[in-house]
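Written out below as structure tokens is the structure these notes cover.
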Amino acid sequence: MSHKYIDIPPDAPMLIESTRSIGYTLEAAIADIIDNSISAEARKIEISYFPIGKPYIAIFDNGIGMTAEKLTEAMRFGSSNPNNVRDSNDLGRFGLGMKTASLSQCQCLTVISKQKDNISARQWDLNHIKETSKWSLKCLNDKELLKLPFYKELQTQTSGTIVIWEDLDRVFIGGIDESVMTSKMNTVCDHLALVFHRYLKGGDVQNKIKILMNNVEIEGFDPFFTSKSRLPMAEERIELPEYNSTVIVQPFTLPHHSKMNQKEIDKYGLRNMQGFYVYRNKRLLKWGTWFRLAKMEELSKLARVRIDIPNTLDELWSLDVKKSAATPPEIIKIRLRQIIDNIIQSSKHTYTFRSKRDIRQDNDIVHIWDVQETREGTKYKLNKQHPLYEKLTEMIDDDTKKVLDGYIFSIAESFPIKILQIDISNETRIIKEDQDTEFSNIKENIDILLRPAETNTDRRIIIERLITSEPFCNYVKKIREIYGVNENEDT
């Protein structure tokens with residue numbers, strides 16, 4: 001018995017309104033358009049926005065462009081099967097990106113493309129679709145094209161594509177505001193600098209690209225601070241023969257924040273940007289997460305793990321339409337668990353190494369602070385065996401010494417450790433005196449301590465003791481030069 005089938009195409013206005021609510025942010029939507037430009041072999045991508053009058057956002061590339069037939073097909077919702085085999089450099093998947101990303105931000109999407117000497121233009125206008133309740137794709141004529149941004153520039157190129165968003169109802173919720181759009185586009189700029197940093201920097205991609213925002217070039221932001229980071233572990237390749245694919249994992253440990261300036265500390269957002277960075281064809285998909293394999297902790301904030309996956313593993317990694325969600329499958333998580341402990345320990349070691357070495361392990365140095373481990377916890381006290389304290393107590397009477405000890409006790413007990421913890425967790429750069437000012441104070445102290453010395457031998461003994469004490473130990477060479485004490489001289 002044969003079955004009867006009824007053809008029920010989706011209601012155009014309702015389906016498009018539904019797809020507008022997938023959850024694109026403005027920056028994710030523009031990144032999705034740039035994916036298409038990169039897949040079209042573009043080397044230069046220009047973003048232009050105009051916030052007043054009739055606002056628009058336009059993305060113009062110098063890629064290979066499309067014929068009229070291919071452009072029409074590209075404007076179809078679901079223009080490609082996600083299960084089809086694609087070019088290894090293809091950054092798309094569902095055949096929805098350009099349409100859903102664009103219409104999530106605007107009500108009028110126009111795409112103009114040139115290949116060889118032929119220019120074609122197609123437009124989705126949601127107001128027209130609502131009026132007709134039909135999937136009516138508009139073909140623009142030459143007169144209409146002349147009014148659109150970048151069109152004259154496209155005419156002079158061999159090939160390329162322009163994507164134009166007008167009637168920006170989702171960008172300007174509540175009305176047009178120039179300052180709001182400028183702020184949003186600055187966020188877009190930061191997003192693109194991170195997501196496409198490997199394309200913008202070049203190096204490990206086949207072809208470097210250039211992205212401009214209103215004629216200002218966007219510089220790539222390398223989240224691994226590659227110029228200063230350590231590679232605590234070798235690159236690891238996870239072979240998946242059943243998928244004929246390889247996942248490449250490379251851990252990094254950022255430098256201690258004391259080696260960064262405040263601008264770098266703010267830029268790298270250390271605590272919130274630790275974790276895995278998942279790339280698909282060198283394009284960043286997901287970052288700043290440990291996928292619940294570890295906790296986001298203060299001491300692990302220097303740890304970063306770059307994961308490169310090919311587009312053949314999209315389904316295995318549960319890649320969504322927006323390309324903002326990617327979850328490692330269990331077969332990958334098993335290997336990542338083995339890596340994660342080592343990389344986090346490397347980050348913790350970088351943070352704890354300085355304090356442990358300076359105070360707890362450098363037994364040859366007389367520290368200003370004394371750290372005592374007790375059953376209840378760690379206690380910090382000012383060290384009364386320090387030569388400055390000893391000299392000072394020799395110069396004062398017993399009553400003055402009691403006042404001094406009371407003051408020292410008050411300093412130790414009222415040390416602002418909670419404020420310091422907050423500053424460290426917020427990655428606030430702790431500013432010290434500049435070296436010239438600090439050394440000027442140190443020299444004054446040395447001169448006072450040397451006054452009782454009657455012979456050169458006495459002077460050398462005092463100097464040798466001081467240069468093994470804080471903060472004098474930070475200026476050993478300078479002190480030896482000024483006070484004429486040779487490192488190899490007999491004392």
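Going by the structure tokens order, chains are called A, B, ..., each with residues numbered from 1, while ligands are numbered from 1 in the order shown.
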Quick check for you: according to DSSP on this backbone, which residues of segment 264-346 of chain A are classed as strand (DSSP E or B)? Reply as a ChimeraX atom specification.
/A:275-280,283-289,303-309
When distances are computed from only C-alpha atoms, which of A:Ile396, A:Ala28, A:Leu71, A:Ile211 shows the smallest separation from Lys184 of chain A?
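Comparing A:Ile396, A:Ala28, A:Leu71, A:Ile211 against Lys184 of chain A, the winner is A:Ala28.
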Show which residues sit within 12 Å of Lys333 of chain A, as a ChimeraX atom specification. Count only C-alpha atoms, and ignore same-chain residues fewer than 5 positions away.
/A:238,247,249,276,290-294,307,317,327-328,338-340
Kindly give the distance, in Å, that separates atom CA of Asp397 of chain A and atom CA of Asp447 of chain A, rounded to a single decimal.
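Between atom CA of Asp397 of chain A and atom CA of Asp447 of chain A the gap is 21.8 Å.
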Using only C-alpha atoms, which protein or nucleic acid residues come within 7 Å of Asn311 of chain A? Drop anything in the same chain fewer than 2 positions from it, and give the result as a short mmCIF file (atom, residue, chain, number, x, y, z; two decimals) with C-alpha atoms, in the first residue's frame.
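selection23.cif written:
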data_model
loop_
_atom_site.label_atom_id
_atom_site.label_comp_id
_atom_site.auth_asym_id
_atom_site.auth_seq_id
_atom_site.Cartn_x
_atom_site.Cartn_y
_atom_site.Cartn_z
CA SER A 88 40.07 20.97 4.59
CA ARG A 280 39.33 24.52 14.01
CA ASN A 281 41.49 25.16 10.97
CA ILE A 309 41.07 20.04 15.43
CA LEU A 313 35.61 16.30 13.65
CA ASP A 314 32.82 18.91 13.82
#
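Residues in contact with Gln105 of chain A at up to 10 Å, not including ones fewer than 3 positions away on its chain and judged by only C-alpha atoms, are A:Arg20, A:Ser21, A:Tyr24, A:Thr25, A:Leu26, A:Ala29, A:Ile30, A:Ile57, A:Thr100, A:Ala101, A:Ser102, A:Cys108, A:Leu109, A:Trp165, A:Glu166, A:Asp167, A:Leu168, A:Asp169, A:Arg170, A:Val171, A:Phe172.
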Could you name the residues that touch Met181 of chain A at 9 Å or less, counting only C-alpha atoms, but leaving out those on the same chain fewer than 4 positions away, as a list in words?
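Once the nearby chain positions are removed, what remains is Tyr49, Phe50, Pro51, Val171, Phe172, Ile176, Asp177, Met185 and Asn186 of chain A.
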Selection above as a file: N, CA, C and O atoms, as a PDB file, in the first residue's frame:
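Produced file part.pdb, reproduced below:
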ATOM      1  N   TYR A  49      31.372  50.561   9.183  1.00  0.00           N
ATOM      2  CA  TYR A  49      30.073  50.795   9.824  1.00  0.00           C
ATOM      3  C   TYR A  49      29.774  52.286   9.822  1.00  0.00           C
ATOM      4  O   TYR A  49      30.669  53.119   9.906  1.00  0.00           O
ATOM      5  N   PHE A  50      28.491  52.588   9.715  1.00  0.00           N
ATOM      6  CA  PHE A  50      28.041  53.978   9.678  1.00  0.00           C
ATOM      7  C   PHE A  50      26.857  54.071  10.635  1.00  0.00           C
ATOM      8  O   PHE A  50      25.798  53.486  10.387  1.00  0.00           O
ATOM      9  N   PRO A  51      27.004  54.784  11.765  1.00  0.00           N
ATOM     10  CA  PRO A  51      25.992  54.717  12.821  1.00  0.00           C
ATOM     11  C   PRO A  51      24.880  55.758  12.763  1.00  0.00           C
ATOM     12  O   PRO A  51      23.973  55.722  13.584  1.00  0.00           O
ATOM     13  N   VAL A 171      20.973  45.562  16.648  1.00  0.00           N
ATOM     14  CA  VAL A 171      22.143  46.322  17.090  1.00  0.00           C
ATOM     15  C   VAL A 171      21.692  47.551  17.869  1.00  0.00           C
ATOM     16  O   VAL A 171      22.270  47.918  18.891  1.00  0.00           O
ATOM     17  N   PHE A 172      20.617  48.189  17.368  1.00  0.00           N
ATOM     18  CA  PHE A 172      20.122  49.415  18.006  1.00  0.00           C
ATOM     19  C   PHE A 172      18.783  49.149  18.687  1.00  0.00           C
ATOM     20  O   PHE A 172      17.755  49.713  18.314  1.00  0.00           O
ATOM     21  N   ILE A 176      18.617  54.526  17.718  1.00  0.00           N
ATOM     22  CA  ILE A 176      19.959  54.727  17.184  1.00  0.00           C
ATOM     23  C   ILE A 176      20.797  55.558  18.150  1.00  0.00           C
ATOM     24  O   ILE A 176      20.362  56.593  18.636  1.00  0.00           O
ATOM     25  N   ASP A 177      21.998  55.077  18.434  1.00  0.00           N
ATOM     26  CA  ASP A 177      22.913  55.783  19.334  1.00  0.00           C
ATOM     27  C   ASP A 177      24.333  55.576  18.819  1.00  0.00           C
ATOM     28  O   ASP A 177      24.843  54.454  18.800  1.00  0.00           O
ATOM     29  N   MET A 185      31.305  48.099  18.323  1.00  0.00           N
ATOM     30  CA  MET A 185      32.273  47.767  17.284  1.00  0.00           C
ATOM     31  C   MET A 185      33.687  47.655  17.846  1.00  0.00           C
ATOM     32  O   MET A 185      34.520  46.912  17.311  1.00  0.00           O
ATOM     33  N   ASN A 186      33.977  48.363  18.933  1.00  0.00           N
ATOM     34  CA  ASN A 186      35.262  48.175  19.620  1.00  0.00           C
ATOM     35  C   ASN A 186      35.344  46.771  20.209  1.00  0.00           C
ATOM     36  O   ASN A 186      36.402  46.136  20.176  1.00  0.00           O
TER      37      ASN A 186
END
Shell around segment 143-155 of chain A at 9 Å using only C-alpha atoms, local window under 6 positions removed, as a short mmCIF file (atom, residue, chain, number, x, y, z; two decimals) with N, CA, C and O atoms, in the first residue's frame:
data_model
loop_
_atom_site.label_atom_id
_atom_site.label_comp_id
_atom_site.auth_asym_id
_atom_site.auth_seq_id
_atom_site.Cartn_x
_atom_site.Cartn_y
_atom_site.Cartn_z
N SER A 48 33.18 48.07 7.49
CA SER A 48 32.83 49.49 7.58
C SER A 48 31.49 49.59 8.30
O SER A 48 30.59 48.78 8.08
N TYR A 56 24.47 51.24 8.78
CA TYR A 56 24.75 49.97 8.12
C TYR A 56 26.06 49.40 8.64
O TYR A 56 26.89 50.11 9.22
N ALA A 58 29.02 46.88 6.78
CA ALA A 58 29.38 46.21 5.54
C ALA A 58 30.72 45.49 5.70
O ALA A 58 31.63 46.01 6.34
N ILE A 59 30.80 44.28 5.14
CA ILE A 59 32.04 43.49 5.15
C ILE A 59 32.41 43.20 3.70
O ILE A 59 31.62 42.59 2.96
N PHE A 60 33.58 43.65 3.31
CA PHE A 60 34.01 43.59 1.91
C PHE A 60 35.32 42.81 1.83
O PHE A 60 36.27 43.10 2.55
N ASP A 61 35.38 41.78 0.96
CA ASP A 61 36.61 41.00 0.83
C ASP A 61 37.07 40.93 -0.62
O ASP A 61 36.34 41.28 -1.54
N ASN A 62 38.31 40.46 -0.79
CA ASN A 62 38.87 40.30 -2.14
C ASN A 62 39.03 38.82 -2.48
O ASN A 62 39.98 38.43 -3.16
N ILE A 112 26.57 41.15 -2.48
CA ILE A 112 27.00 41.46 -3.84
C ILE A 112 28.30 40.70 -4.08
O ILE A 112 29.21 40.75 -3.25
N SER A 113 28.40 40.02 -5.23
CA SER A 113 29.61 39.24 -5.49
C SER A 113 30.04 39.38 -6.94
O SER A 113 29.21 39.50 -7.85
N LYS A 114 31.35 39.38 -7.12
CA LYS A 114 31.92 39.51 -8.46
C LYS A 114 32.87 38.35 -8.73
O LYS A 114 33.72 38.02 -7.91
N ASP A 117 34.17 39.03 -14.75
CA ASP A 117 33.65 40.37 -15.02
C ASP A 117 32.17 40.51 -14.66
O ASP A 117 31.54 41.52 -14.97
N ILE A 119 29.03 40.79 -12.03
CA ILE A 119 28.61 41.18 -10.69
C ILE A 119 27.14 40.80 -10.50
O ILE A 119 26.29 41.11 -11.34
N ALA A 121 23.87 40.45 -7.39
CA ALA A 121 23.44 40.92 -6.07
C ALA A 121 22.10 40.28 -5.70
O ALA A 121 21.20 40.19 -6.53
N THR A 161 33.51 39.92 -2.64
CA THR A 161 32.13 39.85 -2.14
C THR A 161 31.90 40.94 -1.10
O THR A 161 32.79 41.23 -0.29
N ILE A 162 30.70 41.52 -1.11
CA ILE A 162 30.29 42.50 -0.10
C ILE A 162 29.04 41.96 0.61
O ILE A 162 28.07 41.55 -0.06
N ILE A 164 26.22 43.29 3.25
CA ILE A 164 25.74 44.56 3.83
C ILE A 164 24.53 44.29 4.72
O ILE A 164 23.58 43.62 4.32
#
For Phe225 of chain A, which of A:Glu264, A:Asn36, A:Leu240, A:Phe196 is the closest residue, counting only C-alpha atoms?
A:Glu264
Which one of A:Glu236, A:Asp398, A:Asp370, A:Glu376 sits closest to Ile332 of chain A if you count only C-alpha atoms?
A:Glu236
Looking only at alpha helix (DSSP H) from DSSP on the backbone, list the matching residues of segment 107-288 of chain A as a compact mmCIF listing (two decimals) with N, CA, C and O atoms, in the first residue's frame.
# COMPACT_ATOMS: atom_id res chain seq x y z
N LEU A 126 13.33 41.32 5.26
CA LEU A 126 12.34 40.68 6.14
C LEU A 126 10.99 41.37 6.08
O LEU A 126 9.95 40.72 6.25
N ASN A 127 10.97 42.67 5.85
CA ASN A 127 9.69 43.37 5.75
C ASN A 127 8.91 42.89 4.52
O ASN A 127 7.68 42.70 4.58
N HIS A 128 9.64 42.66 3.43
CA HIS A 128 8.99 42.14 2.22
C HIS A 128 8.48 40.71 2.45
O HIS A 128 7.37 40.36 2.02
N ILE A 129 9.27 39.89 3.14
CA ILE A 129 8.87 38.50 3.42
C ILE A 129 7.63 38.47 4.31
O ILE A 129 6.72 37.65 4.10
N LYS A 130 7.56 39.37 5.29
CA LYS A 130 6.38 39.43 6.16
C LYS A 130 5.13 39.82 5.37
O LYS A 130 4.03 39.32 5.62
N GLU A 131 5.31 40.72 4.41
CA GLU A 131 4.17 41.17 3.62
C GLU A 131 3.66 40.09 2.69
O GLU A 131 2.45 39.93 2.48
N THR A 132 4.59 39.33 2.08
CA THR A 132 4.21 38.34 1.06
C THR A 132 4.06 36.92 1.60
O THR A 132 3.44 36.08 0.95
N ASP A 142 21.35 47.53 -11.34
CA ASP A 142 22.55 48.38 -11.30
C ASP A 142 22.29 49.70 -10.58
O ASP A 142 23.15 50.20 -9.84
N LYS A 143 21.12 50.27 -10.77
CA LYS A 143 20.79 51.55 -10.13
C LYS A 143 20.78 51.41 -8.61
O LYS A 143 21.26 52.28 -7.89
N GLU A 144 20.22 50.30 -8.12
CA GLU A 144 20.17 50.06 -6.68
C GLU A 144 21.56 49.80 -6.11
O GLU A 144 21.89 50.21 -5.00
N LEU A 145 22.40 49.14 -6.90
CA LEU A 145 23.74 48.79 -6.44
C LEU A 145 24.62 50.02 -6.26
O LEU A 145 25.46 50.06 -5.34
N TYR A 151 30.55 49.26 -3.39
CA TYR A 151 30.23 48.76 -4.72
C TYR A 151 31.22 49.26 -5.77
O TYR A 151 31.68 48.51 -6.62
N LYS A 152 31.57 50.54 -5.71
CA LYS A 152 32.52 51.09 -6.69
C LYS A 152 33.89 50.44 -6.54
O LYS A 152 34.59 50.19 -7.54
N GLU A 153 34.28 50.15 -5.29
CA GLU A 153 35.55 49.47 -5.06
C GLU A 153 35.53 48.05 -5.62
O GLU A 153 36.51 47.58 -6.21
N LEU A 154 34.37 47.37 -5.48
CA LEU A 154 34.24 46.01 -6.02
C LEU A 154 34.37 46.01 -7.54
O LEU A 154 34.96 45.10 -8.13
N GLN A 155 33.86 47.05 -8.19
CA GLN A 155 33.93 47.13 -9.65
C GLN A 155 35.38 47.16 -10.14
O GLN A 155 35.68 46.66 -11.24
N THR A 156 36.28 47.71 -9.34
CA THR A 156 37.68 47.82 -9.76
C THR A 156 38.47 46.55 -9.48
O THR A 156 39.59 46.41 -9.97
N GLU A 178 24.97 56.66 18.39
CA GLU A 178 26.31 56.57 17.79
C GLU A 178 27.33 56.01 18.77
O GLU A 178 28.16 55.17 18.42
N SER A 179 27.28 56.45 20.02
CA SER A 179 28.27 56.01 21.02
C SER A 179 28.10 54.52 21.33
O SER A 179 29.08 53.81 21.55
N VAL A 180 26.84 54.05 21.33
CA VAL A 180 26.58 52.63 21.59
C VAL A 180 27.19 51.78 20.49
O VAL A 180 27.83 50.76 20.74
N MET A 181 26.99 52.19 19.24
CA MET A 181 27.52 51.41 18.12
C MET A 181 29.04 51.41 18.13
O MET A 181 29.67 50.38 17.87
N THR A 182 29.64 52.57 18.43
CA THR A 182 31.11 52.64 18.48
C THR A 182 31.65 51.70 19.55
O THR A 182 32.63 50.99 19.33
N SER A 183 30.99 51.68 20.70
CA SER A 183 31.41 50.78 21.79
C SER A 183 31.28 49.32 21.37
O SER A 183 32.17 48.51 21.63
N LYS A 184 30.17 49.00 20.71
CA LYS A 184 29.96 47.61 20.27
C LYS A 184 30.98 47.20 19.23
O LYS A 184 31.48 46.07 19.25
N MET A 185 31.30 48.10 18.32
CA MET A 185 32.27 47.77 17.28
C MET A 185 33.69 47.66 17.85
O MET A 185 34.52 46.91 17.31
N ASN A 186 33.98 48.36 18.93
CA ASN A 186 35.26 48.17 19.62
C ASN A 186 35.34 46.77 20.21
O ASN A 186 36.40 46.14 20.18
N THR A 187 34.22 46.29 20.74
CA THR A 187 34.16 44.91 21.25
C THR A 187 34.35 43.91 20.11
O THR A 187 35.04 42.90 20.27
N VAL A 188 33.75 44.21 18.96
CA VAL A 188 33.93 43.36 17.78
C VAL A 188 35.41 43.30 17.40
O VAL A 188 35.95 42.23 17.10
N CYS A 189 36.05 44.44 17.43
CA CYS A 189 37.47 44.53 17.06
C CYS A 189 38.31 43.62 17.97
O CYS A 189 39.16 42.86 17.49
N ASP A 190 38.07 43.69 19.28
CA ASP A 190 38.81 42.85 20.23
C ASP A 190 38.53 41.37 19.98
O ASP A 190 39.43 40.53 20.07
N HIS A 191 37.29 41.06 19.67
CA HIS A 191 36.89 39.67 19.42
C HIS A 191 37.59 39.11 18.19
O HIS A 191 38.14 38.00 18.22
N LEU A 192 37.60 39.88 17.12
CA LEU A 192 38.25 39.43 15.89
C LEU A 192 39.75 39.30 16.07
O LEU A 192 40.38 38.39 15.51
N ALA A 193 40.34 40.20 16.86
CA ALA A 193 41.79 40.14 17.11
C ALA A 193 42.18 38.84 17.78
O ALA A 193 43.27 38.30 17.54
N LEU A 194 41.29 38.31 18.62
CA LEU A 194 41.55 37.04 19.31
C LEU A 194 41.19 35.85 18.43
O LEU A 194 42.01 34.94 18.22
N VAL A 195 39.97 35.83 17.91
CA VAL A 195 39.47 34.66 17.17
C VAL A 195 40.31 34.36 15.93
O VAL A 195 40.57 33.20 15.61
N HIS A 197 43.53 35.49 15.39
CA HIS A 197 44.90 35.97 15.62
C HIS A 197 45.94 35.18 14.82
O HIS A 197 46.95 35.74 14.39
N ARG A 198 45.70 33.91 14.58
CA ARG A 198 46.69 33.13 13.84
C ARG A 198 46.69 33.49 12.35
O ARG A 198 47.71 33.37 11.67
N TYR A 199 45.57 33.95 11.85
CA TYR A 199 45.50 34.44 10.47
C TYR A 199 46.10 35.84 10.37
O TYR A 199 46.74 36.18 9.38
N LEU A 200 45.85 36.65 11.40
CA LEU A 200 46.35 38.03 11.38
C LEU A 200 47.85 38.11 11.60
O LEU A 200 48.54 38.95 11.03
N LYS A 201 48.35 37.20 12.45
CA LYS A 201 49.79 37.18 12.74
C LYS A 201 50.57 36.45 11.66
O LYS A 201 51.76 36.70 11.44
N GLN A 262 51.55 46.73 33.17
CA GLN A 262 50.14 46.76 33.52
C GLN A 262 49.24 46.59 32.30
O GLN A 262 48.19 45.94 32.37
N LYS A 263 49.65 47.16 31.17
CA LYS A 263 48.87 47.03 29.94
C LYS A 263 48.76 45.57 29.53
O LYS A 263 47.69 45.09 29.13
N GLU A 264 49.86 44.84 29.64
CA GLU A 264 49.85 43.42 29.28
C GLU A 264 49.01 42.62 30.26
O GLU A 264 48.27 41.71 29.86
N ILE A 265 49.12 42.95 31.54
CA ILE A 265 48.32 42.24 32.55
C ILE A 265 46.83 42.42 32.28
O ILE A 265 46.05 41.46 32.30
N ASP A 266 46.43 43.67 32.00
CA ASP A 266 45.01 43.95 31.70
C ASP A 266 44.58 43.23 30.42
O ASP A 266 43.48 42.68 30.34
N LYS A 267 45.45 43.23 29.44
CA LYS A 267 45.12 42.65 28.13
C LYS A 267 44.95 41.15 28.20
O LYS A 267 44.06 40.58 27.57
N TYR A 268 45.79 40.49 29.00
CA TYR A 268 45.76 39.03 29.03
C TYR A 268 44.74 38.47 30.01
O TYR A 268 44.55 37.26 30.05
Hey, which of A:Asn214, A:Gly175, A:Ser120, A:Thr72 ends up closest to Gly53 of chain A? Count only C-alpha atoms.
A:Gly175
When you count only C-alpha atoms, which of these residues is closest to Asp341 of chain A: A:Arg237, A:Arg306, A:Arg460, A:Lys295?
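Using only C-alpha atoms, the shortest distance to Asp341 of chain A belongs to A:Lys295.
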